[in-house]
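Trainee: Can you keep this structure in mind? I'll have questions shortly.
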Amino acid sequence: MKISIQKIILTGDRPTGPLHLGHYVGSLKARVELQNKYDTYVIIADLQALTDNADNPEKIRKNVFEISLDYLSVGIDPKVSTIFIQSLIPELAELTMYFLNLVTLSRLERNPTVKDEMKQKGFGGNVPAGFLMYPVSQAADIAAFKADLVPVGGDQLPMIEQTVEIVRKFNKTFKPVLVEPKALVSKTSRLPGIDGKAKMGKSLGNAIYLSDSSDIVAKKVMAMYTDPKHIHVENPGRVENNVVFTFLDAFDPDKKTVEKLKKQYQKGGLGDVAIKKRLIEVLENFLAPIRKKRAEFAKNPKAVIKILEEGTKKARTITSQTLAEVRKAMKLDYF
Ligand code: TRP
């Protein structure tokens, strides 16, 4: 028997579009930092993405590749982290089916993130059943790997909560074979959109993507929300809810200078263009190496596909083992 001494991380994203700076601050950064300390598995959740994109499989397929490039370019290292494709692991679908008996319809309808998404997507009375139950599928993703830790953005907390409930119920009803996971949410509160809205989001059209060119980044920064009352350079300005300063806080390595600039801005005498120029430079320093790495991997799609293939194969050895235990616990090990 293989005894795992390292704790396990399972985390990932839906491949519905490219990843942005909000994803970086919210979870990618933690994944890169923790990958050498934990046995890390990164799920590209294509099945989950299909729960509200059933009519657009081409989009999901394309983004499986794009998101892999995002992962590799920020430094998720396939030598230590296992990146895999959800739909190629049938055990995850199987475990979802078992878990569905351990959760009620009213509990599914109470999940706050799902509720928000349903509103945002305007399903009205036509919520796809698969969409409503995707937290159960996510619980299966996490439980199949016996993950201890799940580094995710704050909006995913209700999913981990629901996973813990399901795992507890499973262990109590059958046998204690599954592990209760913990969420790891980044200390930096979530990054706002360039428009000043609380959340940066693909569907909100206010994101800076990891794959954006220098020109686009510069344009987006120049259009950033600052302090609408700060009209003349000599006016005092607000740094709270000023997106440029929030981004400087998140990405500028020179914290001392940022503090100095904040004071100057609050006093008056520092223009928006000046702080935006600084941010453009800071983001350029951060994104240039990521862009370069991305371009290298993009030139070699075969190597990327091989990484996914090997990752998926390795992931499956873990889930097969867990599912054998699950079936035994549920008295489904007939032969
Ligand atoms: N729900 C996550 C997202 O919206 C994706 C996801 C699917 C996930 N399964 C997971 C995240 C398991 C962490 C753990 O991007």
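For the structure tokens, the naming scheme is as follows: chains receive sequential letters (A, B, ...) according to their order of presentation, residues are indexed from 1 within each chain, and ligands are indexed from 1 in presentation order.
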Counting only C-alpha atoms and all ligand atoms, name the residues that have an atom within 9 Å of an atom of ligand 1; the answer should be given as an MDAnalysis selection string.
Mentor: chainID A and resid 9:16 42:49 86 134:135 137:142 150:153 155:156 159:160
Trainee: Contacts between region 262-278 of chain A and region 111-224 of chain A, please, where a residue of region 111-224 of chain A counts if it comes within 12 Å (with only C-alpha atoms); show its shortest atom pair and distance in Å to one decimal, rows by chain and ascending number, as a Markdown table.
Mentor:
| residue | atom | partner | partner_atom | distance |
| --- | --- | --- | --- | --- |
| A:Ile194 | CA | A:Lys276 | CA | 11.8 |
| A:Val217 | CA | A:Lys276 | CA | 11.0 |
| A:Ala218 | CA | A:Lys277 | CA | 8.3 |
| A:Lys219 | CA | A:Lys276 | CA | 10.2 |
| A:Lys220 | CA | A:Lys276 | CA | 9.9 |
| A:Val221 | CA | A:Lys276 | CA | 6.3 |
| A:Met222 | CA | A:Lys276 | CA | 6.2 |
| A:Ala223 | CA | A:Lys276 | CA | 9.2 |
| A:Met224 | CA | A:Lys276 | CA | 8.2 |
Trainee: Neighbouring residues of region 89-101 of chain A were defined as those with any atom within 8 Å, considering only C-alpha atoms; residues of the same chain fewer than 4 positions away were excluded. Please report them as a PyMOL selection string.
Mentor: chain A and resi 85+136-137+139-141+144+166+170+312+315-316+319-320+323
Trainee: Could you name the residues that touch region 295-308 of chain A at 7 Å or less, counting only C-alpha atoms, but leaving out those on the same chain fewer than 6 positions away, as a list in words?
Mentor: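 The contact residues come out as Leu69, Pro78, Ile83 and Phe84 of chain A.
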Trainee: Print the selection's residues with N, CA, C and O atoms to a file, as an mmCIF file, in the first residue's frame.
Mentor:
data_model
loop_
_atom_site.group_PDB
_atom_site.id
_atom_site.type_symbol
_atom_site.label_atom_id
_atom_site.label_comp_id
_atom_site.auth_asym_id
_atom_site.auth_seq_id
_atom_site.Cartn_x
_atom_site.Cartn_y
_atom_site.Cartn_z
ATOM 1 N N LEU A 69 -2.748 26.589 -20.848
ATOM 2 C CA LEU A 69 -1.665 27.540 -21.114
ATOM 3 C C LEU A 69 -1.559 28.555 -19.976
ATOM 4 O O LEU A 69 -0.459 28.916 -19.547
ATOM 5 N N PRO A 78 4.080 21.122 -14.144
ATOM 6 C CA PRO A 78 3.543 19.769 -14.347
ATOM 7 C C PRO A 78 4.438 18.668 -13.766
ATOM 8 O O PRO A 78 4.009 17.528 -13.651
ATOM 9 N N ILE A 83 -2.161 18.189 -13.580
ATOM 10 C CA ILE A 83 -3.275 18.890 -14.235
ATOM 11 C C ILE A 83 -4.072 17.855 -15.025
ATOM 12 O O ILE A 83 -3.492 17.066 -15.763
ATOM 13 N N PHE A 84 -5.404 17.851 -14.837
ATOM 14 C CA PHE A 84 -6.189 16.815 -15.526
ATOM 15 C C PHE A 84 -7.556 17.330 -15.971
ATOM 16 O O PHE A 84 -8.021 18.374 -15.511
#
Trainee: Report as a PyMOL selection string all protein, DNA and RNA residues lying within 8 Å of region 24-29 of chain A, evaluated on only C-alpha atoms, omitting residues in the same chain fewer than 5 positions from it.
Mentor: chain A and resi 19+71+74+151-154+185-186+188-191+250
Trainee: Residues as selected, N, CA, C and O atoms, written as a PDB file, in the first residue's frame, can you do that?
Mentor:
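Result written to selection.pdb:
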ATOM      1  N   LEU A  19      -8.130  32.987 -18.029  1.00  0.00           N
ATOM      2  CA  LEU A  19      -8.026  33.398 -16.626  1.00  0.00           C
ATOM      3  C   LEU A  19      -7.502  34.830 -16.538  1.00  0.00           C
ATOM      4  O   LEU A  19      -6.767  35.299 -17.400  1.00  0.00           O
ATOM      5  N   TYR A  71      -2.376  28.079 -16.833  1.00  0.00           N
ATOM      6  CA  TYR A  71      -1.772  27.383 -15.677  1.00  0.00           C
ATOM      7  C   TYR A  71      -0.258  27.284 -15.834  1.00  0.00           C
ATOM      8  O   TYR A  71       0.498  27.616 -14.926  1.00  0.00           O
ATOM      9  N   VAL A  74       1.716  30.668 -15.568  1.00  0.00           N
ATOM     10  CA  VAL A  74       1.912  31.318 -14.260  1.00  0.00           C
ATOM     11  C   VAL A  74       2.824  30.514 -13.344  1.00  0.00           C
ATOM     12  O   VAL A  74       3.164  30.959 -12.251  1.00  0.00           O
ATOM     13  N   PRO A 151      -7.605  25.434  -2.383  1.00  0.00           N
ATOM     14  CA  PRO A 151      -7.379  26.878  -2.535  1.00  0.00           C
ATOM     15  C   PRO A 151      -8.269  27.446  -3.643  1.00  0.00           C
ATOM     16  O   PRO A 151      -8.122  27.080  -4.803  1.00  0.00           O
ATOM     17  N   VAL A 152      -9.192  28.299  -3.255  1.00  0.00           N
ATOM     18  CA  VAL A 152     -10.167  28.842  -4.212  1.00  0.00           C
ATOM     19  C   VAL A 152     -10.504  30.290  -3.887  1.00  0.00           C
ATOM     20  O   VAL A 152     -10.186  30.783  -2.805  1.00  0.00           O
ATOM     21  N   GLY A 153     -11.168  30.958  -4.808  1.00  0.00           N
ATOM     22  CA  GLY A 153     -11.681  32.300  -4.557  1.00  0.00           C
ATOM     23  C   GLY A 153     -12.846  32.227  -3.572  1.00  0.00           C
ATOM     24  O   GLY A 153     -13.453  31.167  -3.372  1.00  0.00           O
ATOM     25  N   GLY A 154     -13.140  33.360  -2.929  1.00  0.00           N
ATOM     26  CA  GLY A 154     -14.162  33.413  -1.888  1.00  0.00           C
ATOM     27  C   GLY A 154     -15.536  32.923  -2.322  1.00  0.00           C
ATOM     28  O   GLY A 154     -16.291  32.362  -1.512  1.00  0.00           O
ATOM     29  N   VAL A 185      -8.763  30.414   1.350  1.00  0.00           N
ATOM     30  CA  VAL A 185      -9.102  31.618   0.591  1.00  0.00           C
ATOM     31  C   VAL A 185      -7.999  32.640   0.797  1.00  0.00           C
ATOM     32  O   VAL A 185      -7.513  32.809   1.913  1.00  0.00           O
ATOM     33  N   SER A 186      -7.585  33.298  -0.279  1.00  0.00           N
ATOM     34  CA  SER A 186      -6.420  34.195  -0.180  1.00  0.00           C
ATOM     35  C   SER A 186      -6.691  35.374   0.747  1.00  0.00           C
ATOM     36  O   SER A 186      -7.830  35.838   0.876  1.00  0.00           O
ATOM     37  N   THR A 188      -5.519  38.434   0.466  1.00  0.00           N
ATOM     38  CA  THR A 188      -5.866  39.617  -0.319  1.00  0.00           C
ATOM     39  C   THR A 188      -7.339  39.489  -0.670  1.00  0.00           C
ATOM     40  O   THR A 188      -7.733  38.501  -1.260  1.00  0.00           O
ATOM     41  N   SER A 189      -8.120  40.474  -0.260  1.00  0.00           N
ATOM     42  CA  SER A 189      -9.535  40.376  -0.600  1.00  0.00           C
ATOM     43  C   SER A 189      -9.644  40.428  -2.115  1.00  0.00           C
ATOM     44  O   SER A 189      -8.719  40.814  -2.798  1.00  0.00           O
ATOM     45  N   ARG A 190     -10.762  40.022  -2.631  1.00  0.00           N
ATOM     46  CA  ARG A 190     -10.785  39.817  -4.074  1.00  0.00           C
ATOM     47  C   ARG A 190     -10.584  41.096  -4.876  1.00  0.00           C
ATOM     48  O   ARG A 190     -10.940  42.194  -4.445  1.00  0.00           O
ATOM     49  N   LEU A 191     -10.018  40.918  -6.039  1.00  0.00           N
ATOM     50  CA  LEU A 191      -9.660  42.045  -6.893  1.00  0.00           C
ATOM     51  C   LEU A 191     -10.916  42.611  -7.562  1.00  0.00           C
ATOM     52  O   LEU A 191     -11.712  41.861  -8.110  1.00  0.00           O
ATOM     53  N   ALA A 250      -1.839  45.103  -4.749  1.00  0.00           N
ATOM     54  CA  ALA A 250      -1.752  43.672  -5.052  1.00  0.00           C
ATOM     55  C   ALA A 250      -0.486  43.309  -5.836  1.00  0.00           C
ATOM     56  O   ALA A 250       0.044  42.217  -5.685  1.00  0.00           O
TER      57      ALA A 250
END
Trainee: Between A:Ala183, A:Val243, A:Leu279, A:Leu157, which is the closest to Ala198 (chain A) once you count only C-alpha atoms?
Mentor: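 Closest candidate: A:Val243.
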Trainee: Taking 2 positions as the minimum chain separation for residues in the same chain, which residues sit within 9 Å of region 330-333 of chain A when counting only C-alpha atoms? Answer as a list in words.
Mentor: Thr173, Phe174, Lys175, Ala324, Glu325, Val326, Arg327, Lys328 and Phe335 of chain A
Trainee: Calculated over only C-alpha atoms, which of the candidates A:Arg110, A:Lys182, A:Arg31, A:Lys202 has the smallest distance to Pro18 (chain A)?
Mentor: A:Lys202
Trainee: Just give me the gap between CA of Asp227 (chain A) and CA of Leu210 (chain A) in Å, one decimal is fine.
Mentor: 25.6 Å
Trainee: Considering only strand (DSSP E or B) as DSSP defines it on the backbone, what residues of region 118-258 of chain A qualify? List them as a PyMOL selection string.
Mentor: chain A and resi 149-151+182-184+209
Trainee: Give me a file of those residues, with all heavy atoms, as a tab-separated table (two decimals), in the first residue's frame.
Mentor:
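Output (out32.tsv):
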chain	number	residue	atom	x	y	z
A	149	LEU	N	-7.06	20.17	1.35
A	149	LEU	CA	-7.09	21.63	1.20
A	149	LEU	C	-7.54	22.00	-0.22
A	149	LEU	O	-7.12	21.39	-1.20
A	149	LEU	CB	-5.67	22.15	1.44
A	149	LEU	CG	-5.52	23.59	1.88
A	149	LEU	CD1	-6.20	23.81	3.22
A	149	LEU	CD2	-4.04	23.97	1.97
A	150	VAL	N	-8.41	23.04	-0.29
A	150	VAL	CA	-8.90	23.49	-1.59
A	150	VAL	C	-8.68	25.00	-1.71
A	150	VAL	O	-9.47	25.79	-1.18
A	150	VAL	CB	-10.41	23.16	-1.76
A	150	VAL	CG1	-10.87	23.42	-3.18
A	150	VAL	CG2	-10.71	21.72	-1.37
A	151	PRO	N	-7.61	25.43	-2.38
A	151	PRO	CA	-7.38	26.88	-2.54
A	151	PRO	C	-8.27	27.45	-3.64
A	151	PRO	O	-8.12	27.08	-4.80
A	151	PRO	CB	-5.90	27.00	-2.95
A	151	PRO	CG	-5.35	25.60	-2.98
A	151	PRO	CD	-6.50	24.66	-2.96
A	182	LYS	N	-10.71	21.39	3.73
A	182	LYS	CA	-10.77	22.78	4.20
A	182	LYS	C	-10.55	23.70	3.00
A	182	LYS	O	-9.73	23.39	2.13
A	182	LYS	CB	-9.66	23.04	5.22
A	182	LYS	CG	-9.98	22.52	6.58
A	182	LYS	CD	-9.11	23.23	7.63
A	182	LYS	CE	-9.42	22.71	9.02
A	182	LYS	NZ	-9.15	21.26	9.18
A	183	ALA	N	-11.24	24.83	3.01
A	183	ALA	CA	-11.01	25.82	1.95
A	183	ALA	C	-9.83	26.69	2.34
A	183	ALA	O	-9.59	26.94	3.52
A	183	ALA	CB	-12.24	26.69	1.77
A	184	LEU	N	-9.09	27.13	1.35
A	184	LEU	CA	-8.05	28.11	1.60
A	184	LEU	C	-8.33	29.32	0.71
A	184	LEU	O	-8.21	29.25	-0.51
A	184	LEU	CB	-6.67	27.52	1.27
A	184	LEU	CG	-5.51	28.49	1.47
A	184	LEU	CD1	-5.23	28.70	2.95
A	184	LEU	CD2	-4.26	27.98	0.77
A	209	TYR	N	-6.84	40.12	-18.51
A	209	TYR	CA	-6.49	38.71	-18.64
A	209	TYR	C	-4.99	38.49	-18.58
A	209	TYR	O	-4.21	39.36	-18.99
A	209	TYR	CB	-7.06	38.14	-19.95
A	209	TYR	CG	-8.57	38.15	-19.93
A	209	TYR	CD1	-9.30	39.15	-20.56
A	209	TYR	CD2	-9.26	37.17	-19.21
A	209	TYR	CE1	-10.68	39.18	-20.49
A	209	TYR	CE2	-10.63	37.20	-19.14
A	209	TYR	CZ	-11.34	38.20	-19.78
A	209	TYR	OH	-12.70	38.23	-19.69
Trainee: Which residues are close to Asp148 (chain A), i.e. within 7 Å by only C-alpha atoms, leaving aside same-chain residues fewer than 5 positions away? Reply as a list in words.
Mentor: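 Non-adjacent residues within range: Lys7, Ile8, Ile9, Val179, Glu180, Pro181 and Lys182 of chain A.
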Trainee: For a quick check of understanding, using only C-alpha atoms, which of A:Leu204, A:Ile67, A:Leu72, A:Met133 has the smallest distance to Pro192 (chain A)?
Mentor: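 Ranking A:Leu204, A:Ile67, A:Leu72, A:Met133 by distance to Pro192 (chain A), first place goes to A:Leu204.
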Trainee: Any idea what the distance is between CA of Lys293 (chain A) and CA of Ala207 (chain A)?
Mentor: 20.7 Å
Trainee: Provide the CA of Ala288 (chain A) to CA of Asp212 (chain A) distance in Å, to one decimal place.
Mentor: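 Going from CA of Ala288 (chain A) over to CA of Asp212 (chain A), I get 10.1 Å.
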Trainee: Taking into account only C-alpha atoms, which residue in the set A:Val282, A:Val233, A:Ser213, A:Val127 is nearest to Phe245 (chain A)?
Mentor: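 That would be A:Val282, the residue with the smallest distance to Phe245 (chain A).
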Trainee: Could you check the closest approach to Ser203 (chain A) for each of A:Asn111, A:Asp254, A:His20, A:Asn241 and tell me which residue wins, using only C-alpha atoms?
Mentor: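 Nearest candidate to Ser203 (chain A) out of A:Asn111, A:Asp254, A:His20, A:Asn241: A:His20.
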